[in-house]
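Peer 1: One file: model_20.txt (compact mmCIF, C-alpha atoms and all ligand atoms).
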# COMPACT_ATOMS: atom_id res chain seq x y z
CA MET N 83 19.38 37.51 -6.68
CA ASN N 84 19.98 33.95 -7.88
CA VAL N 85 23.35 33.70 -9.58
CA LEU N 86 24.96 31.08 -11.80
CA LEU N 87 28.72 31.29 -12.31
CA ILE N 88 30.26 29.55 -15.33
CA GLY N 89 33.84 28.29 -14.99
CA GLY N 90 36.07 26.58 -12.47
CA GLY N 91 39.51 28.21 -12.46
CA GLY N 92 41.26 30.61 -10.10
CA ARG N 93 39.58 33.62 -11.68
CA GLU N 94 36.15 32.07 -11.11
CA HIS N 95 37.05 31.20 -7.52
CA ALA N 96 37.92 34.88 -6.95
CA LEU N 97 34.65 35.94 -8.60
CA ALA N 98 32.71 33.50 -6.41
CA TRP N 99 34.51 34.71 -3.28
CA LYS N 100 33.63 38.32 -4.06
CA ILE N 101 30.05 37.64 -5.24
CA SER N 102 29.42 35.66 -2.03
CA GLN N 103 30.04 38.86 -0.02
CA SER N 104 27.12 40.65 -1.70
CA PRO N 105 23.99 41.25 0.38
CA LEU N 106 22.03 40.90 -2.89
CA LEU N 107 22.97 37.24 -3.28
CA GLU N 108 20.34 34.55 -2.70
CA LYS N 109 20.93 31.18 -4.39
CA PHE N 110 24.36 30.58 -5.89
CA PHE N 111 25.30 27.85 -8.39
CA ALA N 112 28.50 27.19 -10.33
CA ILE N 113 29.11 25.07 -13.43
CA PRO N 114 31.42 23.20 -13.12
CA GLY N 115 32.84 25.09 -10.12
CA SER N 116 35.73 23.66 -8.10
CA PRO N 117 36.52 22.43 -4.58
CA GLY N 118 37.25 26.09 -3.70
CA ILE N 119 34.06 27.48 -5.25
CA ALA N 120 32.08 24.79 -3.42
CA ASP N 121 32.59 26.85 -0.23
CA PHE N 122 30.19 29.42 -1.68
CA ALA N 123 28.10 27.83 -4.43
CA GLU N 124 26.45 24.55 -5.31
CA CYS N 125 28.66 23.06 -8.04
CA VAL N 126 26.96 21.23 -10.90
CA GLU N 127 28.60 19.07 -13.60
CA ILE N 128 27.36 20.29 -17.00
CA SER N 129 29.61 20.91 -19.99
CA ILE N 130 30.31 24.63 -20.33
CA ALA N 131 30.27 24.09 -24.12
CA ASP N 132 26.63 22.94 -24.04
CA ASN N 133 24.70 26.20 -24.44
CA ALA N 134 21.28 24.54 -24.52
CA ALA N 135 21.90 22.64 -21.27
CA LEU N 136 23.22 25.80 -19.58
CA VAL N 137 20.18 27.87 -20.67
CA ASN N 138 17.86 25.12 -19.41
CA PHE N 139 19.62 24.97 -16.07
CA ALA N 140 19.38 28.76 -15.68
CA LYS N 141 15.65 28.66 -16.46
CA GLU N 142 15.00 25.77 -14.10
CA LYS N 143 16.75 27.49 -11.20
CA ASN N 144 15.23 30.95 -11.84
CA ILE N 145 18.66 32.49 -12.30
CA ASN N 146 18.65 36.31 -12.35
CA LEU N 147 22.25 36.70 -13.51
CA VAL N 148 24.65 34.31 -15.21
CA VAL N 149 28.28 35.35 -14.72
CA ILE N 150 30.64 33.91 -17.33
CA GLY N 151 34.32 33.58 -16.41
CA PRO N 152 36.20 32.04 -19.37
CA GLU N 153 36.35 33.25 -22.98
CA ALA N 154 35.27 30.01 -24.69
CA PRO N 155 31.55 30.20 -23.75
CA LEU N 156 31.50 33.89 -24.77
CA VAL N 157 33.07 33.13 -28.16
CA ASN N 158 30.60 30.24 -28.37
CA GLY N 159 27.59 32.58 -28.08
CA LEU N 160 26.34 31.61 -24.62
CA VAL N 161 25.30 35.17 -23.77
CA ASP N 162 23.32 35.49 -27.01
CA GLU N 163 21.39 32.31 -26.17
CA LEU N 164 20.78 33.31 -22.56
CA ASN N 165 19.53 36.73 -23.63
CA ALA N 166 17.27 35.16 -26.26
CA ALA N 167 15.74 33.12 -23.43
CA GLY N 168 15.21 36.32 -21.38
CA ILE N 169 18.07 35.63 -18.94
CA LYS N 170 20.55 38.37 -18.03
CA ALA N 171 24.24 37.61 -18.27
CA PHE N 172 27.48 39.30 -17.30
CA GLY N 173 29.66 38.77 -20.33
CA CYS N 174 29.72 39.90 -23.93
CA THR N 175 27.89 38.54 -26.95
CA LYS N 176 29.48 36.35 -29.60
CA ASP N 177 30.15 39.18 -32.05
CA ALA N 178 31.79 41.25 -29.29
CA ALA N 179 33.91 38.28 -28.15
CA GLN N 180 35.74 38.42 -31.49
CA ILE N 181 37.85 41.11 -29.86
CA GLU N 182 39.62 38.21 -28.14
CA GLY N 183 38.59 35.34 -30.42
CA SER N 184 40.20 36.87 -33.51
CA LYS N 185 43.45 38.81 -33.36
CA ILE N 186 42.73 40.04 -36.90
CA PHE N 187 39.34 41.43 -35.87
CA ALA N 188 40.95 43.22 -32.91
CA LYS N 189 43.89 44.60 -34.89
CA ARG N 190 41.71 45.86 -37.75
CA LEU N 191 39.31 47.50 -35.31
CA MET N 192 42.21 49.29 -33.60
CA LYS N 193 43.68 50.42 -36.90
CA LYS N 194 40.36 51.72 -38.25
CA TYR N 195 39.61 53.70 -35.08
CA HIS N 196 43.16 54.89 -34.32
CA ILE N 197 43.54 52.99 -31.06
CA PRO N 198 47.28 52.78 -30.23
CA THR N 199 48.77 49.34 -30.92
CA ALA N 200 51.75 47.72 -32.65
CA GLU N 201 51.96 47.99 -36.45
CA PHE N 202 50.98 44.75 -38.16
CA GLU N 203 50.18 42.81 -41.33
CA VAL N 204 47.86 39.83 -41.80
CA PHE N 205 48.83 36.77 -43.88
CA ASP N 206 47.21 33.55 -44.98
CA ASN N 207 50.21 32.57 -47.08
CA PRO N 208 53.23 31.43 -45.03
CA GLU N 209 55.73 32.40 -47.76
CA ALA N 210 54.38 35.95 -47.92
CA ALA N 211 54.63 36.16 -44.12
CA LYS N 212 58.26 35.00 -44.27
CA ASN N 213 59.13 37.57 -46.92
CA TYR N 214 57.59 40.31 -44.81
CA ILE N 215 59.52 39.11 -41.75
CA LYS N 216 62.80 39.09 -43.72
CA ALA N 217 62.14 42.66 -44.81
CA LYS N 218 61.27 43.85 -41.29
CA GLY N 219 63.91 41.93 -39.30
CA ALA N 220 63.83 40.77 -35.67
CA PRO N 221 62.73 41.08 -32.91
CA ILE N 222 59.26 40.57 -34.30
CA VAL N 223 56.03 38.96 -33.07
CA ILE N 224 54.04 36.20 -34.80
CA LYS N 225 50.47 35.41 -33.71
CA ALA N 226 47.86 32.84 -34.68
CA ASP N 227 44.56 34.54 -35.50
CA GLY N 228 42.30 32.37 -33.33
CA LEU N 229 42.22 31.10 -29.75
CA ALA N 230 45.20 28.81 -29.13
CA ALA N 231 45.04 28.44 -25.35
CA GLY N 232 47.56 31.22 -24.80
CA LYS N 233 50.20 29.46 -26.93
CA GLY N 234 49.53 31.14 -30.26
CA VAL N 235 51.96 34.02 -29.77
CA ILE N 236 55.68 33.82 -30.46
CA VAL N 237 57.95 36.74 -29.64
CA ALA N 238 60.90 35.96 -31.91
CA GLN N 239 64.25 37.44 -30.93
CA ASN N 240 66.00 36.55 -34.18
CA LEU N 241 65.13 35.86 -37.81
CA ASP N 242 65.43 32.05 -37.57
CA GLU N 243 63.03 31.91 -34.67
CA ALA N 244 60.60 34.17 -36.53
CA LEU N 245 60.66 32.07 -39.69
CA ASN N 246 60.19 28.87 -37.67
CA ALA N 247 57.29 30.51 -35.84
CA VAL N 248 55.45 30.89 -39.13
CA ASP N 249 55.69 27.12 -39.66
CA GLU N 250 54.68 26.44 -36.06
CA MET N 251 51.42 28.33 -36.59
CA LYS N 252 50.21 25.36 -38.65
CA THR N 253 50.14 23.27 -35.47
CA PHE N 254 47.30 25.44 -34.16
CA GLY N 255 44.90 24.12 -36.83
CA ALA N 256 42.17 26.57 -37.87
CA ALA N 257 43.35 29.11 -35.27
CA GLY N 258 46.70 29.34 -37.10
CA SER N 259 45.49 29.31 -40.72
CA LYS N 260 45.75 33.10 -40.72
CA ILE N 261 48.56 34.84 -38.91
CA VAL N 262 49.36 38.31 -37.72
CA VAL N 263 52.95 39.55 -37.85
CA GLU N 264 53.49 42.59 -35.71
CA GLU N 265 56.05 45.06 -34.56
CA PHE N 266 57.85 44.15 -31.30
CA MET N 267 57.02 46.64 -28.56
CA ASP N 268 59.79 47.10 -26.01
CA GLY N 269 58.28 48.23 -22.72
CA GLU N 270 56.60 47.12 -19.52
CA GLU N 271 53.29 45.26 -19.53
CA ALA N 272 50.20 45.97 -17.46
CA SER N 273 46.58 44.87 -17.49
CA VAL N 274 43.67 47.26 -17.14
CA LEU N 275 40.26 45.64 -16.89
CA ALA N 276 37.07 47.62 -17.17
CA LEU N 277 33.42 46.97 -16.47
CA THR N 278 31.04 48.30 -19.08
CA ASP N 279 27.38 48.22 -20.02
CA GLY N 280 28.18 49.28 -23.58
CA GLU N 281 27.98 53.00 -22.71
CA LYS N 282 29.64 53.74 -19.40
CA ILE N 283 33.06 52.39 -18.58
CA LEU N 284 34.41 51.77 -15.09
CA PRO N 285 38.12 50.88 -15.21
CA LEU N 286 39.42 48.68 -12.40
CA ILE N 287 42.77 49.31 -10.75
CA ALA N 288 45.70 48.25 -12.91
CA ALA N 289 47.46 44.95 -12.30
CA GLN N 290 50.64 43.36 -13.58
CA ASP N 291 50.76 39.71 -14.57
CA HIS N 292 53.92 37.59 -14.89
CA LYS N 293 53.46 35.56 -18.06
CA ARG N 294 56.75 33.67 -18.25
CA VAL N 295 57.18 30.46 -16.30
CA PHE N 296 60.54 31.21 -14.63
CA ASP N 297 62.00 34.01 -12.52
CA GLY N 298 63.38 36.99 -14.39
CA ASP N 299 60.74 36.54 -17.13
CA LYS N 300 62.55 33.51 -18.54
CA GLY N 301 61.07 30.42 -20.17
CA LEU N 302 57.79 29.78 -21.94
CA ASN N 303 54.67 31.94 -21.82
CA THR N 304 51.99 30.66 -19.44
CA GLY N 305 48.47 31.72 -18.53
CA GLY N 306 50.11 33.81 -15.79
CA MET N 307 52.36 32.87 -12.85
CA GLY N 308 51.37 35.65 -10.47
CA ALA N 309 50.13 39.20 -10.29
CA TYR N 310 49.97 42.26 -8.12
CA ALA N 311 47.85 45.39 -7.90
CA PRO N 312 47.88 48.30 -8.07
CA ALA N 313 50.65 48.36 -10.69
CA PRO N 314 52.66 51.57 -10.19
CA ILE N 315 53.67 51.61 -13.87
CA VAL N 316 50.10 52.73 -14.57
CA ASP N 317 50.26 56.12 -12.86
CA ASP N 318 47.43 58.67 -13.01
CA LYS N 319 48.61 60.02 -16.35
CA ILE N 320 48.74 56.60 -17.99
CA ALA N 321 45.45 55.55 -16.38
CA ALA N 322 43.76 58.61 -17.90
CA GLN N 323 45.35 57.86 -21.25
CA VAL N 324 44.14 54.25 -21.14
CA GLU N 325 40.60 55.36 -20.38
CA GLU N 326 40.46 58.17 -22.97
CA LYS N 327 42.58 56.76 -25.80
CA ILE N 328 41.93 53.03 -25.45
CA LEU N 329 38.91 51.92 -23.42
CA LYS N 330 36.36 54.57 -24.41
CA PRO N 331 37.34 54.60 -28.10
CA THR N 332 37.20 50.80 -28.23
CA ILE N 333 33.68 50.59 -26.80
CA ALA N 334 32.66 53.42 -29.15
CA ALA N 335 34.35 51.68 -32.12
CA LEU N 336 32.45 48.48 -31.41
CA LYS N 337 29.24 50.46 -31.13
CA ALA N 338 29.97 52.09 -34.51
CA GLU N 339 30.35 48.56 -35.90
CA GLY N 340 26.93 47.67 -34.50
CA ILE N 341 28.20 45.81 -31.42
CA THR N 342 27.14 46.70 -27.87
CA TYR N 343 29.90 45.42 -25.60
CA ARG N 344 28.73 44.46 -22.12
CA GLY N 345 30.81 42.77 -19.45
CA CYS N 346 34.51 43.01 -18.74
CA LEU N 347 36.92 44.38 -21.33
CA TYR N 348 40.51 43.47 -20.59
CA ALA N 349 43.20 45.63 -22.16
CA GLY N 350 46.64 44.02 -22.14
CA LEU N 351 49.01 46.97 -22.46
CA MET N 352 52.61 47.71 -23.21
CA ILE N 353 53.84 50.95 -21.69
CA VAL N 354 56.48 52.29 -24.07
CA ASP N 355 58.16 55.60 -23.20
CA GLY N 356 55.23 56.80 -21.09
CA THR N 357 52.57 55.82 -23.63
CA ALA N 358 50.20 52.87 -23.39
CA LYS N 359 49.66 50.68 -26.46
CA VAL N 360 47.40 47.65 -26.75
CA VAL N 361 49.07 44.24 -26.86
CA GLU N 362 45.76 42.41 -26.89
CA PHE N 363 42.17 42.61 -25.77
CA ASN N 364 40.42 39.88 -23.84
CA CYS N 365 36.66 39.67 -23.52
CA ARG N 366 36.66 38.59 -19.85
CA PHE N 367 38.41 39.04 -16.53
CA GLY N 368 42.12 38.22 -16.41
CA ASP N 369 43.54 35.23 -14.62
CA PRO N 370 45.41 35.80 -12.25
CA GLU N 371 44.74 39.58 -12.37
CA THR N 372 41.24 39.03 -10.93
CA GLN N 373 42.79 37.37 -7.87
CA VAL N 374 44.52 40.65 -6.93
CA VAL N 375 42.03 43.22 -8.20
CA LEU N 376 38.90 41.89 -6.48
CA PRO N 377 40.43 41.67 -2.98
CA LEU N 378 41.03 45.44 -3.22
CA MET N 379 37.51 46.28 -4.41
CA GLU N 380 35.31 47.67 -1.67
CA SER N 381 32.16 47.97 -3.80
CA ASP N 382 29.57 45.27 -4.36
CA LEU N 383 30.73 43.38 -7.46
CA LEU N 384 27.40 41.62 -7.92
CA GLU N 385 25.56 44.94 -8.03
CA LEU N 386 28.06 46.24 -10.61
CA MET N 387 27.86 43.13 -12.76
CA TYR N 388 24.08 43.20 -12.75
CA ALA N 389 24.19 46.86 -13.83
CA CYS N 390 26.50 45.93 -16.74
CA ALA N 391 24.04 43.27 -17.91
CA ASP N 392 21.09 45.58 -17.37
CA GLY N 393 22.53 48.68 -19.07
CA THR N 394 22.35 50.72 -15.86
CA LEU N 395 25.99 51.31 -14.99
CA SER N 396 25.72 55.09 -15.49
CA ASP N 397 25.15 55.99 -11.82
CA LYS N 398 27.66 53.49 -10.40
CA LYS N 399 31.13 54.06 -8.97
CA ILE N 400 33.78 51.74 -7.58
CA SER N 401 35.65 52.35 -4.36
CA TRP N 402 39.02 50.78 -3.70
CA SER N 403 41.04 49.87 -0.65
CA LYS N 404 44.35 51.72 -0.29
CA SER N 405 46.15 48.41 0.27
CA SER N 406 48.14 46.31 -2.19
CA ALA N 407 47.54 42.72 -3.20
CA VAL N 408 49.83 40.04 -4.57
CA CYS N 409 49.03 36.56 -5.88
CA VAL N 410 51.59 33.79 -6.37
CA ILE N 411 50.53 30.91 -8.60
CA MET N 412 51.60 27.48 -7.37
CA ALA N 413 51.85 25.36 -10.49
CA SER N 414 52.49 21.73 -11.37
CA GLY N 415 56.15 21.09 -12.24
CA GLY N 416 56.46 20.94 -16.04
CA TYR N 417 53.64 23.43 -16.74
CA PRO N 418 53.00 24.90 -19.35
CA LYS N 419 54.15 21.63 -20.93
CA SER N 420 53.08 18.23 -19.58
CA TYR N 421 52.81 17.64 -15.84
CA LYS N 422 51.57 15.08 -13.32
CA LYS N 423 48.08 15.22 -11.84
CA ASN N 424 46.31 13.82 -8.77
CA LEU N 425 49.11 14.81 -6.36
CA PRO N 426 47.88 15.44 -2.78
CA ILE N 427 47.97 19.07 -1.60
CA ASP N 428 48.86 19.90 2.04
CA GLY N 429 49.10 23.05 4.09
CA ILE N 430 46.14 25.11 2.88
CA THR N 431 44.62 25.44 6.36
CA LYS N 432 47.96 26.60 7.77
CA ALA N 433 48.40 29.15 4.95
CA LYS N 434 44.92 30.51 5.56
CA SER N 435 45.70 30.89 9.26
CA LEU N 436 48.66 33.07 8.23
CA GLY N 437 46.24 35.40 6.44
CA ALA N 438 46.30 34.16 2.83
CA THR N 439 43.26 33.83 0.63
CA ILE N 440 43.70 30.70 -1.43
CA PHE N 441 42.08 30.49 -4.85
CA HIS N 442 41.86 27.05 -6.42
CA ALA N 443 42.94 27.08 -10.08
CA GLY N 444 43.32 23.36 -10.78
CA THR N 445 42.30 21.09 -7.90
CA LYS N 446 39.81 18.32 -7.35
CA ILE N 447 38.71 15.96 -4.62
CA LEU N 448 39.92 12.38 -5.09
CA ASN N 449 39.02 9.81 -2.42
CA ASP N 450 38.15 12.62 0.02
CA GLU N 451 41.53 14.25 -0.50
CA LEU N 452 42.39 17.54 -2.24
CA VAL N 453 44.68 16.82 -5.20
CA THR N 454 46.17 18.69 -8.17
CA SER N 455 44.25 18.56 -11.44
CA GLY N 456 45.70 21.31 -13.63
CA GLY N 457 48.82 23.20 -14.65
CA ARG N 458 48.05 26.14 -12.42
CA VAL N 459 46.96 24.62 -9.11
CA LEU N 460 46.53 27.39 -6.52
CA GLY N 461 46.67 31.16 -6.40
CA VAL N 462 47.89 32.32 -2.99
CA THR N 463 46.80 35.91 -2.43
CA MET N 464 47.76 38.36 0.31
CA THR N 465 46.71 41.95 0.87
CA ALA N 466 48.62 44.35 3.10
CA PRO N 467 49.02 48.12 3.54
CA THR N 468 52.12 48.07 1.33
CA LEU N 469 53.15 45.88 -1.59
CA ARG N 470 56.42 45.02 0.16
CA GLU N 471 54.57 43.67 3.18
CA ALA N 472 52.11 41.77 0.98
CA VAL N 473 55.01 40.11 -0.87
CA GLU N 474 56.87 39.17 2.33
CA LYS N 475 53.73 37.66 3.82
CA VAL N 476 52.53 35.86 0.71
CA TYR N 477 55.75 33.87 0.39
CA LYS N 478 55.49 32.77 4.04
CA CYS N 479 52.10 31.31 3.14
CA VAL N 480 53.34 29.73 -0.09
CA GLU N 481 56.13 28.00 1.84
CA VAL N 482 53.71 26.08 4.06
CA ILE N 483 51.77 24.63 1.12
CA HIS N 484 53.13 21.49 -0.48
CA PHE N 485 52.52 19.11 -3.35
CA ASP N 486 55.09 17.04 -5.25
CA ASP N 487 56.91 18.85 -8.08
CA VAL N 488 55.42 22.21 -7.09
CA HIS N 489 56.78 25.18 -9.03
CA TYR N 490 56.25 28.87 -8.37
CA ARG N 491 58.05 32.09 -9.20
CA LYS N 492 59.94 33.72 -6.37
CA ASP N 493 60.04 37.17 -7.93
CA ILE N 494 56.38 38.15 -8.20
CA ALA N 495 56.13 41.96 -7.90
CA ALA N 496 59.94 42.27 -7.64
CA ARG N 497 60.00 44.84 -10.43
CA ALA N 498 57.57 47.13 -8.62
CA LEU N 499 59.62 46.89 -5.41
CA LYS N 500 62.89 47.93 -7.07
P1 LIG N 601 48.99 38.09 -26.43
O1 LIG N 601 48.37 36.73 -26.35
O2 LIG N 601 48.71 38.81 -27.70
O3 LIG N 601 48.75 38.90 -25.20
O4 LIG N 601 50.57 37.85 -26.35
C1 LIG N 601 51.15 37.11 -25.29
C2 LIG N 601 52.36 37.84 -24.78
O5 LIG N 601 53.30 38.02 -25.82
C3 LIG N 601 52.07 39.24 -24.28
O6 LIG N 601 51.62 39.24 -22.97
C4 LIG N 601 53.43 39.89 -24.43
O7 LIG N 601 54.27 39.54 -23.35
C5 LIG N 601 53.96 39.28 -25.68
N1 LIG N 601 53.65 40.12 -26.85
C6 LIG N 601 52.58 40.03 -27.66
N2 LIG N 601 52.60 40.97 -28.62
C7 LIG N 601 53.73 41.67 -28.43
C8 LIG N 601 54.36 42.77 -29.12
N3 LIG N 601 53.82 43.30 -30.22
N4 LIG N 601 55.53 43.24 -28.62
C9 LIG N 601 56.10 42.67 -27.55
N5 LIG N 601 55.59 41.64 -26.86
C10 LIG N 601 54.41 41.14 -27.29
N1 LIG N 602 46.60 36.81 -17.32
C1 LIG N 602 46.39 36.82 -18.71
C2 LIG N 602 45.03 36.54 -19.14
O1 LIG N 602 44.11 36.42 -18.36
O2 LIG N 602 44.83 36.44 -20.34
Can the structure from this file be put into structure tokens for me?
Peer 2:
Amino acid sequence: MNVLLIGGGGREHALAWKISQSPLLEKFFAIPGSPGIADFAECVEISIADNAALVNFAKEKNINLVVIGPEAPLVNGLVDELNAAGIKAFGCTKDAAQIEGSKIFAKRLMKKYHIPTAEFEVFDNPEAAKNYIKAKGAPIVIKADGLAAGKGVIVAQNLDEALNAVDEMKTFGAAGSKIVVEEFMDGEEASVLALTDGEKILPLIAAQDHKRVFDGDKGLNTGGMGAYAPAPIVDDKIAAQVEEKILKPTIAALKAEGITYRGCLYAGLMIVDGTAKVVEFNCRFGDPETQVVLPLMESDLLELMYACADGTLSDKKISWSKSSAVCVIMASGGYPKSYKKNLPIDGITKAKSLGATIFHAGTKILNDELVTSGGRVLGVTMTAPTLREAVEKVYKCVEVIHFDDVHYRKDIAARALK
């Protein structure tokens, strides 16, 4: 099978790493890829926003499956255009991608089909939103409707913060012209990703991300500072609940709305008093969740992804290792605000010799040297028979990697070890 992977972050590096292990794989390309992905695939510089150029490339190279990592090309209708050209893709169509692309779409879908989530109201008038907030009180959550690079959500602890958040939404342009105000859910978060062909659903093992930039869940929200799997908070009872009350009804709800959802459905969950509620849906794999879930997957991911695209997932199963995995994100100092780039990175070879798998999130080659090029730079992943052992070992690997101003959390998975 000839495969084209779209994207170049840590999640895509993990996808490339896993796809490369498939006996089905023949030629492998990535756009734009990364210095890490280049170990497995030929990386090609084409804009991932240019659907026509991507379709042409896939035709030219006789690609059998295009795997799409990030949400933007999905929201931008890349899968629709590939399918129209007769090319199979792992990823959902544009109408399905609204489940991530529009918070209002997702919330209304959940309400209509009784999928458990926080209570909410939608506003396009800031004054009306403020009046509602004053009536409800804090803590309360304010969200921009559209994609805002993970920054469009403000969890306000007091009324002042909440009212300011409404004004801040204007800074997100079109994404913030409509806002959702929702009930604050007090619980523990987990991510359950599922593969689906629009009929059958195969949930992956649950992971827990660490969204805040500093230890103890302090500081700003980020794309994710580390993750581990399996997440013990999602026990068998909650896993069954997530499948029966959230994943299956959501795929069925979309179907009832005329949308066949194929690809990966990511349910961001809050576990409140033993019940899972949806915080958000994403229309793609999680980052960094993918970096801990895939190392534990024993099945052939490429075979599964092809079956999702092909509508033939019904006879497939996934087998999992009994180990645990942890990933620590090494980020540029200052992230998620501004940070320096082009700083040389040392120690990767040493860390690999200690057993780590290193996923490149934001690196590039400059004058033959590996340097930083993004906020999240590396994801250092370790698997071990127990989570405790994985955590102890991963930090030994992290400590041998260096770049100036490096920042990472020292408490990844600490909650699960308590
Ligand atoms: P989202 O982009 O919707 O996932 O929101 C980003 C983060 O904000 C989530 O991962 C949660 O940590 C937090 N959050 C969002 N909605 C809520 C809510 N209703 N209650 C509590 N925390 C929330
Ligand atoms: N780790 C959060 C996300 O992928 O959206």
Peer 1: Can you write out as a Markdown table which residues of chain N fall within 6 Å of ligand LIG 601 (chain N), alongside each residue's closest atom pair and its distance in Å to one decimal, counting only C-alpha atoms and all ligand atoms and ordering rows by chain and ascending residue number?
Peer 2:
| residue | atom | partner | partner_atom | distance |
| --- | --- | --- | --- | --- |
| N:Ala200 | CA | N:LIG601 | N3 | 5.5 |
| N:Val223 | CA | N:LIG601 | N3 | 5.6 |
| N:Gly232 | CA | N:LIG601 | O1 | 5.8 |
| N:Val235 | CA | N:LIG601 | O4 | 5.3 |
| N:Glu264 | CA | N:LIG601 | N3 | 5.5 |
| N:Glu265 | CA | N:LIG601 | N3 | 5.2 |
| N:Phe266 | CA | N:LIG601 | N4 | 3.7 |
| N:Met267 | CA | N:LIG601 | N4 | 3.7 |
| N:Asp268 | CA | N:LIG601 | C9 | 6.0 |
| N:Val361 | CA | N:LIG601 | N2 | 5.1 |
| N:Glu362 | CA | N:LIG601 | O2 | 4.7 |
Peer 1: Fewer than 5 positions away in the same chain doesn't count, so skip those; otherwise give me all residues within 9 Å of Val375 (chain N), counting all atoms listed in the file, as a PyMOL selection string.
Peer 2: chain N and resi 286-289+310-312+407
Peer 1: Give me a file of those residues, with C-alpha atoms, as a PDB file, in the frame of the given file.
Peer 2:
ATOM      1  CA  LEU N 286      39.420  48.680 -12.400  1.00  0.00           C
ATOM      2  CA  ILE N 287      42.770  49.310 -10.750  1.00  0.00           C
ATOM      3  CA  ALA N 288      45.700  48.250 -12.910  1.00  0.00           C
ATOM      4  CA  ALA N 289      47.460  44.950 -12.300  1.00  0.00           C
ATOM      5  CA  TYR N 310      49.970  42.260  -8.120  1.00  0.00           C
ATOM      6  CA  ALA N 311      47.850  45.390  -7.900  1.00  0.00           C
ATOM      7  CA  PRO N 312      47.880  48.300  -8.070  1.00  0.00           C
ATOM      8  CA  ALA N 407      47.540  42.720  -3.200  1.00  0.00           C
TER       9      ALA N 407
END
Peer 1: Return as a ChimeraX atom specification the residues of protein, DNA or RNA that approach ligand LIG 602 (chain N) to within 6 Å, with all atoms listed in the file taken into account.
Peer 2: /N:291,305-306,368-371
Peer 1: What does the distance from CA of Ser116 (chain N) to CA of Ser455 (chain N) come to in Å, to one decimal?
Peer 2: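 Those two atoms sit 10.5 Å apart.
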Peer 1: What's the 12 Å shell around Phe122 (chain N), counting only C-alpha atoms, without same-chain residues fewer than 3 positions away, as a short mmCIF file (atom, residue, chain, number, x, y, z; two decimals) with C-alpha atoms, keeping the file's coordinate frame?
Peer 2:
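Listed below is the output, part.cif:
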data_model
loop_
_atom_site.label_atom_id
_atom_site.label_comp_id
_atom_site.auth_asym_id
_atom_site.auth_seq_id
_atom_site.Cartn_x
_atom_site.Cartn_y
_atom_site.Cartn_z
CA VAL N 85 23.35 33.70 -9.58
CA LEU N 86 24.96 31.08 -11.80
CA LEU N 87 28.72 31.29 -12.31
CA GLU N 94 36.15 32.07 -11.11
CA HIS N 95 37.05 31.20 -7.52
CA ALA N 96 37.92 34.88 -6.95
CA LEU N 97 34.65 35.94 -8.60
CA ALA N 98 32.71 33.50 -6.41
CA TRP N 99 34.51 34.71 -3.28
CA LYS N 100 33.63 38.32 -4.06
CA ILE N 101 30.05 37.64 -5.24
CA SER N 102 29.42 35.66 -2.03
CA GLN N 103 30.04 38.86 -0.02
CA SER N 104 27.12 40.65 -1.70
CA LEU N 107 22.97 37.24 -3.28
CA GLU N 108 20.34 34.55 -2.70
CA LYS N 109 20.93 31.18 -4.39
CA PHE N 110 24.36 30.58 -5.89
CA PHE N 111 25.30 27.85 -8.39
CA ALA N 112 28.50 27.19 -10.33
CA GLY N 115 32.84 25.09 -10.12
CA SER N 116 35.73 23.66 -8.10
CA PRO N 117 36.52 22.43 -4.58
CA GLY N 118 37.25 26.09 -3.70
CA ILE N 119 34.06 27.48 -5.25
CA CYS N 125 28.66 23.06 -8.04
#
